[in-house]
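Heads up: the structure comes next, in structure tokens.
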Amino acid sequence: MSFASGFGVCYKPDSRGLRLSALYPNEPPPESSAGTFRDPAGRLYEHDGRILREVYAHCAPLVLAQLQSPLVQRWIEQRRMVATRVLSFEPGRSAFLEHDRIFFPSYPWEWTPGQWMESASLTLELCQEAIAGGLILKDATPLNILFSGPVPMLVDVLSLEERDPQNPLWIAYGQFVRTFLLPLCAYVYLGWPLSATLQRRDGYEPYDLAPFLPRLGRWRNPLRSLVTLPCLLERNANAGRPQKQVSGELSTFALHRLLRSTRKLLLALTPVPRSSRWSAYTETASHYSFSDDGAKQAFVRRSLDRIQPARVLDVGANTGEYSRIAAASGADVVAWDTDVQAADLNWQTARRDSLRILPIVADFARPTPAVGWQNRECPSLLDRAKGRFDCVLMLGILHHLLLADQIPLHAILEQLSGLTKRWAILEWIPKEDSQFDGLCRGRQELYAHLDEGFFIKTLSSRFSLRDRCHLPNGRTLWLLEATA
């Protein structure tokens with residue numbers, strides 16, 4: 001459809017039959033997620049499993065024109081911006097849009113350092129390209145980005161606005177620094193976890209970091225530009241200073257120069273690759289021989305070929321060895337791991353090889369809570385995952401949940417049954433295993449009941465055994481089918 005005629009045409013709902021009464025609610029339908037509501041130009045919400053956006057009347061013509069511009073259409077074709085359809089528009093009223101649903105939404109506090117860098121880079125790229133199209137990003141926050149597999153995508157279609165050709169300022173620059181650069185700065189220089197941003201919706205201020213940085217180090221870039229000088233300038237800031245207008249050519253030059261310098265700051269914050277306890281686990285695991293590993297991979301491949309899942313959750317994915325096997329079977333894969341470095345290696349491999357894998361930093365035992373206004377803006381990890389997967393892999397993780405996290409087996413299986421629609425592949429580790437014994441930490445008598453018989457009896461209330469493989473090292477793999 002074309003919007004070049006001044007929006008004189010009334011666009012009616014698409015062929016899927018969304019009722020007009022649902023398009024013009026005063027509030028989101030009772031069964032809907034509250035979605036977003038902070039943007040004065042519109043709101044996003046879920047209705048009947050569809051992702052809808054209302055664009056308020058005063059902004060609708062401009063937003064619809066932007067959506068049909070060659071620039072935005074190119075971004076959508078390149079999968080750098082979410083695909084969007086117009087459901088309804090009548091002059092003087094709100095427009096209603098529908099976005100393609102991203103299979104598994106993740107949030108910045110669940111991302112790896114590499115994902116933070118890639119999302120920041122995409123934001124700068126889109127802003128630079130928007131300038132050439134007479135537009136600019138008015139928002140620049142990680143919350144505007146979702147990952148489709150390993151690839152970031154802009155999902156906030158309201159974050160674009162027409163650019164004043166004589167204004168040399170990028171109004172969203174401060175937000176980009178607070179929400180992208182300073183959290184990366186805190187991670188790289190102070191070791192603060194990126195997950196701490198869960199409680200910092202608008203990111204960090206320079207003075208949040210300044211007291212913890214060494215005095216001399218603060219005068220070296222990128223700390224000088226991001227922390228030290230802003231703290232000094234804030235003391236002498238003149239908030240009433242009028243905005244200067246310059247020629248269009250000079251304004252464009254200034255904006256491109258700002259974006260280039262910002263990219264240099266971003267690159268200076270590239271995290272140095274680190275090793276962690278689990279990032280080299282696959283290569284160093286002494287309790288797995290070559291034959292053990294080969295038999296385990298063969299069973300998982302055979303099981304996945306048998307059940308043909310479209311969507312797989314890999315819990316305790318580590319660096320993604322079995323995530324990649326699941327992706328090779330044709331599934332879209334979401335990979336959870338608590339180790340940041342292992343998850344980052346998984347993401348880097350998926351990005352490099354264009355695999356349909358979304359690694360995130362997530363904990364089965366301590367899932368990310370719902371946050372935001374009334375705990376409704378960002379759903380919890382379990383709410384997002386519930387009933388979304390055809391198969392859940394739990395390989396080499398069950399004994400950690402039982403012993404280190406002290407979660408009873410029946411509770412683990414209950415949570416598992418809420419995540420899978422049908423199938424699960426589990427690895428059971430006997431009490432004689434060196435890893436089991438190490439996690440007991442002298443409390444073997446407390447876990448004396450955790451034998452294979454107890455495992456079979458407990459899972460029988462929720463799952464049926466469909467296949468089993470005994471590994472040479474004594475571990476057992478199980479293909480389970482949900483019965484309830």
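Just remember, in the structure tokens the first chain shown is A, the second B, etc., residues are 1-based per chain, and ligands are 1-based in the order shown.
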
Do a neighbour search on Arg53 (chain A) at 6 Å with only C-alpha atoms, toss out local chain neighbours closer than 2 positions, and write the hits as a PDB file with N, CA, C and O atoms, in the first residue's frame.
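Contents of part.pdb, freshly written:
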ATOM      1  N   ARG A  43       1.754   3.209  21.871  1.00  0.00           N
ATOM      2  CA  ARG A  43       1.958   2.137  22.839  1.00  0.00           C
ATOM      3  C   ARG A  43       1.994   0.802  22.114  1.00  0.00           C
ATOM      4  O   ARG A  43       1.434   0.631  21.019  1.00  0.00           O
ATOM      5  N   LEU A  44       2.654  -0.154  22.739  1.00  0.00           N
ATOM      6  CA  LEU A  44       2.796  -1.506  22.194  1.00  0.00           C
ATOM      7  C   LEU A  44       2.144  -2.470  23.163  1.00  0.00           C
ATOM      8  O   LEU A  44       2.290  -2.330  24.379  1.00  0.00           O
ATOM      9  N   PHE A  96      -3.102   1.596  13.671  1.00  0.00           N
ATOM     10  CA  PHE A  96      -2.765   0.362  14.357  1.00  0.00           C
ATOM     11  C   PHE A  96      -1.880  -0.477  13.450  1.00  0.00           C
ATOM     12  O   PHE A  96      -2.188  -0.690  12.272  1.00  0.00           O
ATOM     13  N   LEU A  97      -0.773  -0.920  14.015  1.00  0.00           N
ATOM     14  CA  LEU A  97       0.234  -1.685  13.296  1.00  0.00           C
ATOM     15  C   LEU A  97       0.371  -3.054  13.932  1.00  0.00           C
ATOM     16  O   LEU A  97       0.052  -3.251  15.108  1.00  0.00           O
TER      17      LEU A  97
END

May I have the residues within 8 Å of Ile51 (chain A) as a ChimeraX atom specification, using only C-alpha atoms and disregarding those fewer than 6 positions away in the same chain? /A:44-45,98-101

For the selection you just gave me, I'd like the residues written to a file as a JSON list (two decimals), in the first residue's frame, keeping all heavy atoms.
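Result went into selection13.json, see below:
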[["chain", "number", "residue", "atom", "x", "y", "z"],
["A", 44, "LEU", "N", 2.65, -0.15, 22.74],
["A", 44, "LEU", "CA", 2.80, -1.51, 22.19],
["A", 44, "LEU", "C", 2.14, -2.47, 23.16],
["A", 44, "LEU", "O", 2.29, -2.33, 24.38],
["A", 44, "LEU", "CB", 4.28, -1.84, 22.03],
["A", 44, "LEU", "CG", 4.62, -3.21, 21.45],
["A", 44, "LEU", "CD1", 4.44, -3.20, 19.94],
["A", 44, "LEU", "CD2", 6.06, -3.58, 21.79],
["A", 45, "TYR", "N", 1.40, -3.45, 22.63],
["A", 45, "TYR", "CA", 0.82, -4.46, 23.52],
["A", 45, "TYR", "C", 0.57, -5.74, 22.73],
["A", 45, "TYR", "O", 0.65, -5.78, 21.50],
["A", 45, "TYR", "CB", -0.49, -3.96, 24.16],
["A", 45, "TYR", "CG", -1.58, -3.57, 23.19],
["A", 45, "TYR", "CD1", -2.57, -4.48, 22.84],
["A", 45, "TYR", "CD2", -1.62, -2.29, 22.64],
["A", 45, "TYR", "CE1", -3.58, -4.13, 21.97],
["A", 45, "TYR", "CE2", -2.63, -1.94, 21.76],
["A", 45, "TYR", "CZ", -3.61, -2.86, 21.42],
["A", 45, "TYR", "OH", -4.61, -2.50, 20.54],
["A", 98, "GLU", "N", 0.89, -4.00, 13.16],
["A", 98, "GLU", "CA", 1.26, -5.30, 13.70],
["A", 98, "GLU", "C", 2.70, -5.59, 13.32],
["A", 98, "GLU", "O", 3.09, -5.43, 12.15],
["A", 98, "GLU", "CB", 0.36, -6.42, 13.17],
["A", 98, "GLU", "CG", 0.75, -7.78, 13.75],
["A", 98, "GLU", "CD", -0.20, -8.89, 13.36],
["A", 98, "GLU", "OE1", -1.09, -8.66, 12.51],
["A", 98, "GLU", "OE2", -0.05, -10.01, 13.90],
["A", 99, "HIS", "N", 3.49, -5.99, 14.30],
["A", 99, "HIS", "CA", 4.89, -6.34, 14.08],
["A", 99, "HIS", "C", 5.04, -7.86, 14.00],
["A", 99, "HIS", "O", 4.31, -8.60, 14.67],
["A", 99, "HIS", "CB", 5.77, -5.83, 15.23],
["A", 99, "HIS", "CG", 5.71, -4.36, 15.43],
["A", 99, "HIS", "ND1", 6.01, -3.45, 14.45],
["A", 99, "HIS", "CD2", 5.39, -3.62, 16.53],
["A", 99, "HIS", "CE1", 5.89, -2.22, 14.93],
["A", 99, "HIS", "NE2", 5.50, -2.30, 16.18],
["A", 100, "ASP", "N", 6.00, -8.31, 13.20],
["A", 100, "ASP", "CA", 6.38, -9.71, 13.27],
["A", 100, "ASP", "C", 6.79, -10.03, 14.70],
["A", 100, "ASP", "O", 7.48, -9.24, 15.36],
["A", 100, "ASP", "CB", 7.57, -9.99, 12.34],
["A", 100, "ASP", "CG", 7.13, -10.25, 10.92],
["A", 100, "ASP", "OD1", 5.91, -10.18, 10.64],
["A", 100, "ASP", "OD2", 8.01, -10.52, 10.08],
["A", 101, "ARG", "N", 6.38, -11.18, 15.15],
["A", 101, "ARG", "CA", 6.71, -11.58, 16.52],
["A", 101, "ARG", "C", 8.10, -12.20, 16.54],
["A", 101, "ARG", "O", 8.37, -13.16, 15.82],
["A", 101, "ARG", "CB", 5.68, -12.59, 17.03],
["A", 101, "ARG", "CG", 5.83, -12.88, 18.53],
["A", 101, "ARG", "CD", 4.85, -13.96, 18.97],
["A", 101, "ARG", "NE", 4.96, -14.10, 20.41],
["A", 101, "ARG", "CZ", 4.06, -13.69, 21.29],
["A", 101, "ARG", "NH1", 2.96, -13.09, 20.87],
["A", 101, "ARG", "NH2", 4.24, -13.86, 22.58]]

Which residue is closest to Glu427 (chain A)? Choose from A:Gly92, A:Gly396, A:Gly453, A:Pro271 and count only C-alpha atoms.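 The shortest atom-to-atom distance to Glu427 (chain A) comes from A:Gly396.
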
Kindly give the distance, in Å, that separates CA of Gln341 (chain A) and CA of Ala326 (chain A), rounded to a single decimal.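 Pair CA of Gln341 (chain A) / CA of Ala326 (chain A) returns 21.0 Å.
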
Best match for closeness to Leu258 (chain A) among A:Asn375, A:Ser119, A:Ser461, A:Gln128, counting only C-alpha atoms: A:Gln128

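For the atom pair formed by CA of Val157 (chain A) and CA of Val63 (chain A), the distance is 7.8 Å, given to one decimal.
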
Choose the residue, out of A:Leu250, A:Ala411, A:Ala365, A:Leu194, that has the smallest atom-to-atom separation from Thr458 (chain A); count only C-alpha atoms.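 Looking at the shortest contact to Thr458 (chain A), the residue is A:Ala411.
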
I'd like the interatomic distance between CA of Thr197 (chain A) and CA of Leu381 (chain A), to a tenth of an Å.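 CA of Leu381 (chain A) lies at a distance of 15.7 Å from CA of Thr197 (chain A).
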
Would you pick out the contacts of Glu452 (chain A) at 10 Å or less, using only C-alpha atoms, so that residues sharing its chain but fewer than 6 positions from it are not included, and give the list as a list of chain:residue names?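 Skipping anything fewer than 6 positions along the chain leaves A:Trp428, A:Ile429, A:Pro430, A:Lys431, A:Thr458, A:Thr476.
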
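For Glu162 (chain A), the list of residues within 10 Å, based on only C-alpha atoms and with local chain neighbours fewer than 6 positions off taken out, reads Leu62, Val63, Gln66, Ala130, Ile131, Gly133, Gly134, Leu135, Ile136, Leu137 and Lys138 of chain A.
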
Please produce an output containing all heavy atoms for each residue in the selection, written as a PDB file, in the first residue's frame.
ATOM      1  N   LEU A  62       2.981  10.822  10.057  1.00  0.00           N
ATOM      2  CA  LEU A  62       4.434  10.859   9.917  1.00  0.00           C
ATOM      3  C   LEU A  62       5.034   9.460  10.061  1.00  0.00           C
ATOM      4  O   LEU A  62       5.905   9.055   9.280  1.00  0.00           O
ATOM      5  CB  LEU A  62       5.036  11.801  10.960  1.00  0.00           C
ATOM      6  CG  LEU A  62       6.568  11.939  10.940  1.00  0.00           C
ATOM      7  CD1 LEU A  62       7.036  12.476   9.594  1.00  0.00           C
ATOM      8  CD2 LEU A  62       7.032  12.848  12.077  1.00  0.00           C
ATOM      9  N   VAL A  63       4.560   8.692  11.048  1.00  0.00           N
ATOM     10  CA  VAL A  63       5.094   7.348  11.268  1.00  0.00           C
ATOM     11  C   VAL A  63       4.801   6.447  10.074  1.00  0.00           C
ATOM     12  O   VAL A  63       5.672   5.692   9.617  1.00  0.00           O
ATOM     13  CB  VAL A  63       4.519   6.748  12.568  1.00  0.00           C
ATOM     14  CG1 VAL A  63       4.885   5.264  12.687  1.00  0.00           C
ATOM     15  CG2 VAL A  63       5.030   7.520  13.778  1.00  0.00           C
ATOM     16  N   GLN A  66       7.122   7.272   7.274  1.00  0.00           N
ATOM     17  CA  GLN A  66       8.459   6.751   7.527  1.00  0.00           C
ATOM     18  C   GLN A  66       8.531   5.248   7.243  1.00  0.00           C
ATOM     19  O   GLN A  66       9.508   4.749   6.672  1.00  0.00           O
ATOM     20  CB  GLN A  66       8.860   7.028   8.975  1.00  0.00           C
ATOM     21  CG  GLN A  66       9.098   8.501   9.278  1.00  0.00           C
ATOM     22  CD  GLN A  66       9.279   8.754  10.762  1.00  0.00           C
ATOM     23  OE1 GLN A  66       9.177   7.845  11.581  1.00  0.00           O
ATOM     24  NE2 GLN A  66       9.542  10.007  11.125  1.00  0.00           N
ATOM     25  N   ALA A 130      20.114   7.013   8.809  1.00  0.00           N
ATOM     26  CA  ALA A 130      18.893   7.822   8.901  1.00  0.00           C
ATOM     27  C   ALA A 130      19.166   9.272   8.551  1.00  0.00           C
ATOM     28  O   ALA A 130      18.320   9.936   7.925  1.00  0.00           O
ATOM     29  CB  ALA A 130      18.306   7.711  10.309  1.00  0.00           C
ATOM     30  N   ILE A 131      20.329   9.776   8.927  1.00  0.00           N
ATOM     31  CA  ILE A 131      20.661  11.176   8.642  1.00  0.00           C
ATOM     32  C   ILE A 131      20.605  11.434   7.140  1.00  0.00           C
ATOM     33  O   ILE A 131      20.070  12.460   6.685  1.00  0.00           O
ATOM     34  CB  ILE A 131      22.055  11.517   9.209  1.00  0.00           C
ATOM     35  CG1 ILE A 131      22.007  11.503  10.741  1.00  0.00           C
ATOM     36  CG2 ILE A 131      22.537  12.869   8.706  1.00  0.00           C
ATOM     37  CD1 ILE A 131      23.364  11.609  11.396  1.00  0.00           C
ATOM     38  N   GLY A 133      18.752  10.049   5.087  1.00  0.00           N
ATOM     39  CA  GLY A 133      17.359  10.001   4.663  1.00  0.00           C
ATOM     40  C   GLY A 133      16.506  11.097   5.264  1.00  0.00           C
ATOM     41  O   GLY A 133      15.269  11.027   5.186  1.00  0.00           O
ATOM     42  N   GLY A 134      17.135  12.090   5.886  1.00  0.00           N
ATOM     43  CA  GLY A 134      16.389  13.197   6.476  1.00  0.00           C
ATOM     44  C   GLY A 134      15.745  12.870   7.802  1.00  0.00           C
ATOM     45  O   GLY A 134      14.881  13.610   8.271  1.00  0.00           O
ATOM     46  N   LEU A 135      16.172  11.765   8.420  1.00  0.00           N
ATOM     47  CA  LEU A 135      15.622  11.342   9.704  1.00  0.00           C
ATOM     48  C   LEU A 135      16.738  11.252  10.727  1.00  0.00           C
ATOM     49  O   LEU A 135      17.909  11.429  10.414  1.00  0.00           O
ATOM     50  CB  LEU A 135      14.925   9.981   9.564  1.00  0.00           C
ATOM     51  CG  LEU A 135      13.789   9.881   8.549  1.00  0.00           C
ATOM     52  CD1 LEU A 135      13.356   8.429   8.373  1.00  0.00           C
ATOM     53  CD2 LEU A 135      12.600  10.735   8.974  1.00  0.00           C
ATOM     54  N   ILE A 136      16.374  10.941  11.964  1.00  0.00           N
ATOM     55  CA  ILE A 136      17.360  10.709  13.013  1.00  0.00           C
ATOM     56  C   ILE A 136      16.696   9.897  14.117  1.00  0.00           C
ATOM     57  O   ILE A 136      15.452   9.912  14.261  1.00  0.00           O
ATOM     58  CB  ILE A 136      17.910  12.048  13.567  1.00  0.00           C
ATOM     59  CG1 ILE A 136      19.225  11.816  14.319  1.00  0.00           C
ATOM     60  CG2 ILE A 136      16.874  12.744  14.452  1.00  0.00           C
ATOM     61  CD1 ILE A 136      20.006  13.081  14.590  1.00  0.00           C
ATOM     62  N   LEU A 137      17.492   9.145  14.853  1.00  0.00           N
ATOM     63  CA  LEU A 137      16.958   8.395  15.989  1.00  0.00           C
ATOM     64  C   LEU A 137      16.778   9.334  17.173  1.00  0.00           C
ATOM     65  O   LEU A 137      17.726   9.975  17.610  1.00  0.00           O
ATOM     66  CB  LEU A 137      17.899   7.261  16.380  1.00  0.00           C
ATOM     67  CG  LEU A 137      18.003   6.060  15.437  1.00  0.00           C
ATOM     68  CD1 LEU A 137      19.016   5.056  15.985  1.00  0.00           C
ATOM     69  CD2 LEU A 137      16.657   5.380  15.249  1.00  0.00           C
ATOM     70  N   LYS A 138      15.564   9.413  17.703  1.00  0.00           N
ATOM     71  CA  LYS A 138      15.318  10.243  18.879  1.00  0.00           C
ATOM     72  C   LYS A 138      15.510   9.445  20.168  1.00  0.00           C
ATOM     73  O   LYS A 138      15.555  10.020  21.261  1.00  0.00           O
ATOM     74  CB  LYS A 138      13.903  10.821  18.842  1.00  0.00           C
ATOM     75  CG  LYS A 138      12.798   9.786  18.900  1.00  0.00           C
ATOM     76  CD  LYS A 138      11.423  10.450  18.867  1.00  0.00           C
ATOM     77  CE  LYS A 138      10.309   9.414  18.915  1.00  0.00           C
ATOM     78  NZ  LYS A 138       8.961  10.038  18.869  1.00  0.00           N
TER      79      LYS A 138
END

Considering only C-alpha atoms, return as an mmCIF file with N, CA, C and O atoms, in the first residue's frame whatever protein or nucleic-acid residues lie within 12 Å of region 67-74 of chain A, sequence-local ones (same chain, fewer than 3 positions apart) excluded.
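Result file result_30.cif:
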data_model
loop_
_atom_site.group_PDB
_atom_site.id
_atom_site.type_symbol
_atom_site.label_atom_id
_atom_site.label_comp_id
_atom_site.auth_asym_id
_atom_site.auth_seq_id
_atom_site.Cartn_x
_atom_site.Cartn_y
_atom_site.Cartn_z
ATOM 1 N N MET A 1 0.839 -1.189 0.000
ATOM 2 C CA MET A 1 0.000 0.000 0.000
ATOM 3 C C MET A 1 0.881 1.250 0.000
ATOM 4 O O MET A 1 1.977 1.248 0.540
ATOM 5 N N SER A 2 0.376 2.303 -0.550
ATOM 6 C CA SER A 2 1.150 3.538 -0.655
ATOM 7 C C SER A 2 0.557 4.605 0.243
ATOM 8 O O SER A 2 -0.666 4.695 0.392
ATOM 9 N N PHE A 3 1.441 5.429 0.823
ATOM 10 C CA PHE A 3 0.990 6.508 1.685
ATOM 11 C C PHE A 3 1.282 7.863 1.055
ATOM 12 O O PHE A 3 1.322 8.874 1.726
ATOM 13 N N ALA A 4 1.509 7.863 -0.245
ATOM 14 C CA ALA A 4 1.926 9.096 -0.902
ATOM 15 C C ALA A 4 0.773 10.039 -1.178
ATOM 16 O O ALA A 4 0.977 11.169 -1.592
ATOM 17 N N ALA A 60 0.496 9.633 13.721
ATOM 18 C CA ALA A 60 0.274 8.546 12.779
ATOM 19 C C ALA A 60 0.707 8.863 11.348
ATOM 20 O O ALA A 60 1.415 8.053 10.730
ATOM 21 N N PRO A 61 0.325 10.006 10.755
ATOM 22 C CA PRO A 61 0.729 10.236 9.350
ATOM 23 C C PRO A 61 2.234 10.198 9.151
ATOM 24 O O PRO A 61 2.719 9.602 8.182
ATOM 25 N N LEU A 62 2.981 10.822 10.057
ATOM 26 C CA LEU A 62 4.434 10.859 9.917
ATOM 27 C C LEU A 62 5.034 9.460 10.061
ATOM 28 O O LEU A 62 5.905 9.055 9.280
ATOM 29 N N VAL A 63 4.560 8.692 11.048
ATOM 30 C CA VAL A 63 5.094 7.348 11.268
ATOM 31 C C VAL A 63 4.801 6.447 10.074
ATOM 32 O O VAL A 63 5.672 5.692 9.617
ATOM 33 N N LEU A 64 3.591 6.527 9.522
ATOM 34 C CA LEU A 64 3.253 5.695 8.378
ATOM 35 C C LEU A 64 4.088 6.067 7.154
ATOM 36 O O LEU A 64 4.495 5.194 6.382
ATOM 37 N N GLU A 77 14.031 -5.266 4.905
ATOM 38 C CA GLU A 77 14.502 -6.326 4.012
ATOM 39 C C GLU A 77 15.823 -6.912 4.501
ATOM 40 O O GLU A 77 16.071 -8.112 4.367
ATOM 41 N N GLN A 78 16.666 -6.071 5.089
ATOM 42 C CA GLN A 78 17.953 -6.527 5.617
ATOM 43 C C GLN A 78 17.827 -7.171 6.985
ATOM 44 O O GLN A 78 18.826 -7.609 7.554
ATOM 45 N N ARG A 79 16.618 -7.210 7.532
ATOM 46 C CA ARG A 79 16.344 -7.763 8.862
ATOM 47 C C ARG A 79 17.126 -7.023 9.942
ATOM 48 O O ARG A 79 17.589 -7.614 10.909
ATOM 49 N N ARG A 80 17.273 -5.719 9.740
ATOM 50 C CA ARG A 80 17.843 -4.874 10.786
ATOM 51 C C ARG A 80 16.743 -4.108 11.520
ATOM 52 O O ARG A 80 17.010 -3.440 12.522
ATOM 53 N N MET A 81 15.513 -4.197 10.991
ATOM 54 C CA MET A 81 14.360 -3.584 11.640
ATOM 55 C C MET A 81 13.182 -4.533 11.496
ATOM 56 O O MET A 81 13.043 -5.220 10.476
ATOM 57 N N VAL A 82 12.351 -4.594 12.509
ATOM 58 C CA VAL A 82 11.258 -5.549 12.533
ATOM 59 C C VAL A 82 10.251 -5.250 11.427
ATOM 60 O O VAL A 82 9.908 -4.099 11.161
ATOM 61 N N ALA A 83 9.781 -6.313 10.763
ATOM 62 C CA ALA A 83 8.757 -6.160 9.732
ATOM 63 C C ALA A 83 7.446 -5.723 10.374
ATOM 64 O O ALA A 83 7.063 -6.220 11.443
ATOM 65 N N THR A 84 6.756 -4.795 9.699
ATOM 66 C CA THR A 84 5.575 -4.159 10.282
ATOM 67 C C THR A 84 4.494 -4.014 9.220
ATOM 68 O O THR A 84 4.778 -3.644 8.082
ATOM 69 N N ARG A 85 3.253 -4.307 9.590
ATOM 70 C CA ARG A 85 2.106 -4.148 8.694
ATOM 71 C C ARG A 85 1.127 -3.152 9.274
ATOM 72 O O ARG A 85 0.936 -3.099 10.492
ATOM 73 N N VAL A 86 0.471 -2.392 8.395
ATOM 74 C CA VAL A 86 -0.571 -1.462 8.826
ATOM 75 C C VAL A 86 -1.892 -2.211 8.857
ATOM 76 O O VAL A 86 -2.323 -2.772 7.844
ATOM 77 N N LEU A 97 -0.773 -0.920 14.015
ATOM 78 C CA LEU A 97 0.234 -1.685 13.296
ATOM 79 C C LEU A 97 0.371 -3.054 13.932
ATOM 80 O O LEU A 97 0.052 -3.251 15.108
ATOM 81 N N HIS A 99 3.490 -5.990 14.304
ATOM 82 C CA HIS A 99 4.889 -6.345 14.077
ATOM 83 C C HIS A 99 5.039 -7.860 14.004
ATOM 84 O O HIS A 99 4.307 -8.603 14.670
ATOM 85 N N LEU A 126 22.344 2.585 12.122
ATOM 86 C CA LEU A 126 21.026 3.042 11.691
ATOM 87 C C LEU A 126 20.896 4.551 11.815
ATOM 88 O O LEU A 126 20.297 5.204 10.950
ATOM 89 N N CYS A 127 21.466 5.106 12.882
ATOM 90 C CA CYS A 127 21.392 6.559 13.050
ATOM 91 C C CYS A 127 22.134 7.257 11.917
ATOM 92 O O CYS A 127 21.649 8.254 11.358
ATOM 93 N N GLN A 128 23.303 6.757 11.561
ATOM 94 C CA GLN A 128 24.082 7.375 10.483
ATOM 95 C C GLN A 128 23.342 7.287 9.151
ATOM 96 O O GLN A 128 23.305 8.255 8.384
ATOM 97 N N GLU A 129 22.737 6.147 8.863
ATOM 98 C CA GLU A 129 21.991 6.008 7.626
ATOM 99 C C GLU A 129 20.720 6.855 7.635
ATOM 100 O O GLU A 129 20.291 7.355 6.588
ATOM 101 N N ALA A 130 20.114 7.013 8.809
ATOM 102 C CA ALA A 130 18.893 7.822 8.901
ATOM 103 C C ALA A 130 19.166 9.272 8.551
ATOM 104 O O ALA A 130 18.320 9.936 7.925
ATOM 105 N N ILE A 131 20.329 9.776 8.927
ATOM 106 C CA ILE A 131 20.661 11.176 8.642
ATOM 107 C C ILE A 131 20.605 11.434 7.140
ATOM 108 O O ILE A 131 20.070 12.460 6.685
ATOM 109 N N ALA A 132 21.127 10.511 6.356
ATOM 110 C CA ALA A 132 21.104 10.675 4.897
ATOM 111 C C ALA A 132 19.674 10.666 4.356
ATOM 112 O O ALA A 132 19.418 11.223 3.277
ATOM 113 N N GLY A 133 18.752 10.049 5.087
ATOM 114 C CA GLY A 133 17.359 10.001 4.663
ATOM 115 C C GLY A 133 16.506 11.097 5.264
ATOM 116 O O GLY A 133 15.269 11.027 5.186
ATOM 117 N N GLY A 134 17.135 12.090 5.886
ATOM 118 C CA GLY A 134 16.389 13.197 6.476
ATOM 119 C C GLY A 134 15.745 12.870 7.802
ATOM 120 O O GLY A 134 14.881 13.610 8.271
ATOM 121 N N LEU A 135 16.172 11.765 8.420
ATOM 122 C CA LEU A 135 15.622 11.342 9.704
ATOM 123 C C LEU A 135 16.738 11.252 10.727
ATOM 124 O O LEU A 135 17.909 11.429 10.414
ATOM 125 N N ILE A 136 16.374 10.941 11.964
ATOM 126 C CA ILE A 136 17.360 10.709 13.013
ATOM 127 C C ILE A 136 16.696 9.897 14.117
ATOM 128 O O ILE A 136 15.452 9.912 14.261
ATOM 129 N N LEU A 154 16.249 -3.601 15.301
ATOM 130 C CA LEU A 154 15.516 -2.467 15.886
ATOM 131 C C LEU A 154 14.030 -2.788 15.849
ATOM 132 O O LEU A 154 13.486 -3.117 14.788
ATOM 133 N N VAL A 155 13.357 -2.693 16.982
ATOM 134 C CA VAL A 155 11.939 -3.038 17.037
ATOM 135 C C VAL A 155 11.051 -1.847 17.396
ATOM 136 O O VAL A 155 9.829 -1.976 17.363
ATOM 137 N N ASP A 156 11.645 -0.712 17.717
ATOM 138 C CA ASP A 156 10.845 0.469 18.064
ATOM 139 C C ASP A 156 10.718 1.372 16.837
ATOM 140 O O ASP A 156 11.589 2.196 16.557
ATOM 141 N N VAL A 157 9.617 1.222 16.123
ATOM 142 C CA VAL A 157 9.431 2.018 14.903
ATOM 143 C C VAL A 157 9.106 3.474 15.218
ATOM 144 O O VAL A 157 9.100 4.315 14.323
ATOM 145 N N LEU A 158 8.843 3.782 16.481
ATOM 146 C CA LEU A 158 8.568 5.168 16.875
ATOM 147 C C LEU A 158 9.838 5.920 17.261
ATOM 148 O O LEU A 158 9.758 7.086 17.654
ATOM 149 N N SER A 159 10.988 5.284 17.169
ATOM 150 C CA SER A 159 12.224 5.945 17.599
ATOM 151 C C SER A 159 12.823 6.837 16.519
ATOM 152 O O SER A 159 13.819 7.502 16.755
ATOM 153 N N LEU A 160 12.194 6.874 15.329
ATOM 154 C CA LEU A 160 12.651 7.768 14.264
ATOM 155 C C LEU A 160 11.844 9.053 14.257
ATOM 156 O O LEU A 160 10.646 9.055 14.557
ATOM 157 N N GLU A 161 12.498 10.133 13.910
ATOM 158 C CA GLU A 161 11.799 11.402 13.718
ATOM 159 C C GLU A 161 12.495 12.195 12.610
ATOM 160 O O GLU A 161 13.645 11.914 12.250
#

Cut-off 9 Å: closest region 334-426 of chain A/region 294-314 of chain A atom pairs per residue, using only C-alpha atoms, as JSON lines:
{"residue": "A:Val334", "atom": "CA", "partner": "A:Leu313", "partner_atom": "CA", "distance": 5.0}
{"residue": "A:Ala335", "atom": "CA", "partner": "A:Asp314", "partner_atom": "CA", "distance": 4.7}
{"residue": "A:Trp336", "atom": "CA", "partner": "A:Asp314", "partner_atom": "CA", "distance": 6.2}
{"residue": "A:Asp337", "atom": "CA", "partner": "A:Asp314", "partner_atom": "CA", "distance": 8.5}
{"residue": "A:Ala385", "atom": "CA", "partner": "A:Leu313", "partner_atom": "CA", "distance": 8.8}
{"residue": "A:Arg388", "atom": "CA", "partner": "A:Arg311", "partner_atom": "CA", "distance": 7.5}
{"residue": "A:Phe389", "atom": "CA", "partner": "A:Arg311", "partner_atom": "CA", "distance": 5.1}
{"residue": "A:Asp390", "atom": "CA", "partner": "A:Pro309", "partner_atom": "CA", "distance": 5.3}
{"residue": "A:Cys391", "atom": "CA", "partner": "A:Val312", "partner_atom": "CA", "distance": 5.0}
{"residue": "A:Val392", "atom": "CA", "partner": "A:Leu313", "partner_atom": "CA", "distance": 4.7}
{"residue": "A:Leu393", "atom": "CA", "partner": "A:Asp314", "partner_atom": "CA", "distance": 4.7}
{"residue": "A:Met394", "atom": "CA", "partner": "A:Asp314", "partner_atom": "CA", "distance": 6.5}
{"residue": "A:Leu395", "atom": "CA", "partner": "A:Asp314", "partner_atom": "CA", "distance": 8.2}
{"residue": "A:Leu419", "atom": "CA", "partner": "A:Leu313", "partner_atom": "CA", "distance": 8.5}
{"residue": "A:Thr420", "atom": "CA", "partner": "A:Leu313", "partner_atom": "CA", "distance": 8.4}
{"residue": "A:Trp423", "atom": "CA", "partner": "A:Ile307", "partner_atom": "CA", "distance": 7.9}
{"residue": "A:Ile425", "atom": "CA", "partner": "A:Val300", "partner_atom": "CA", "distance": 7.6}
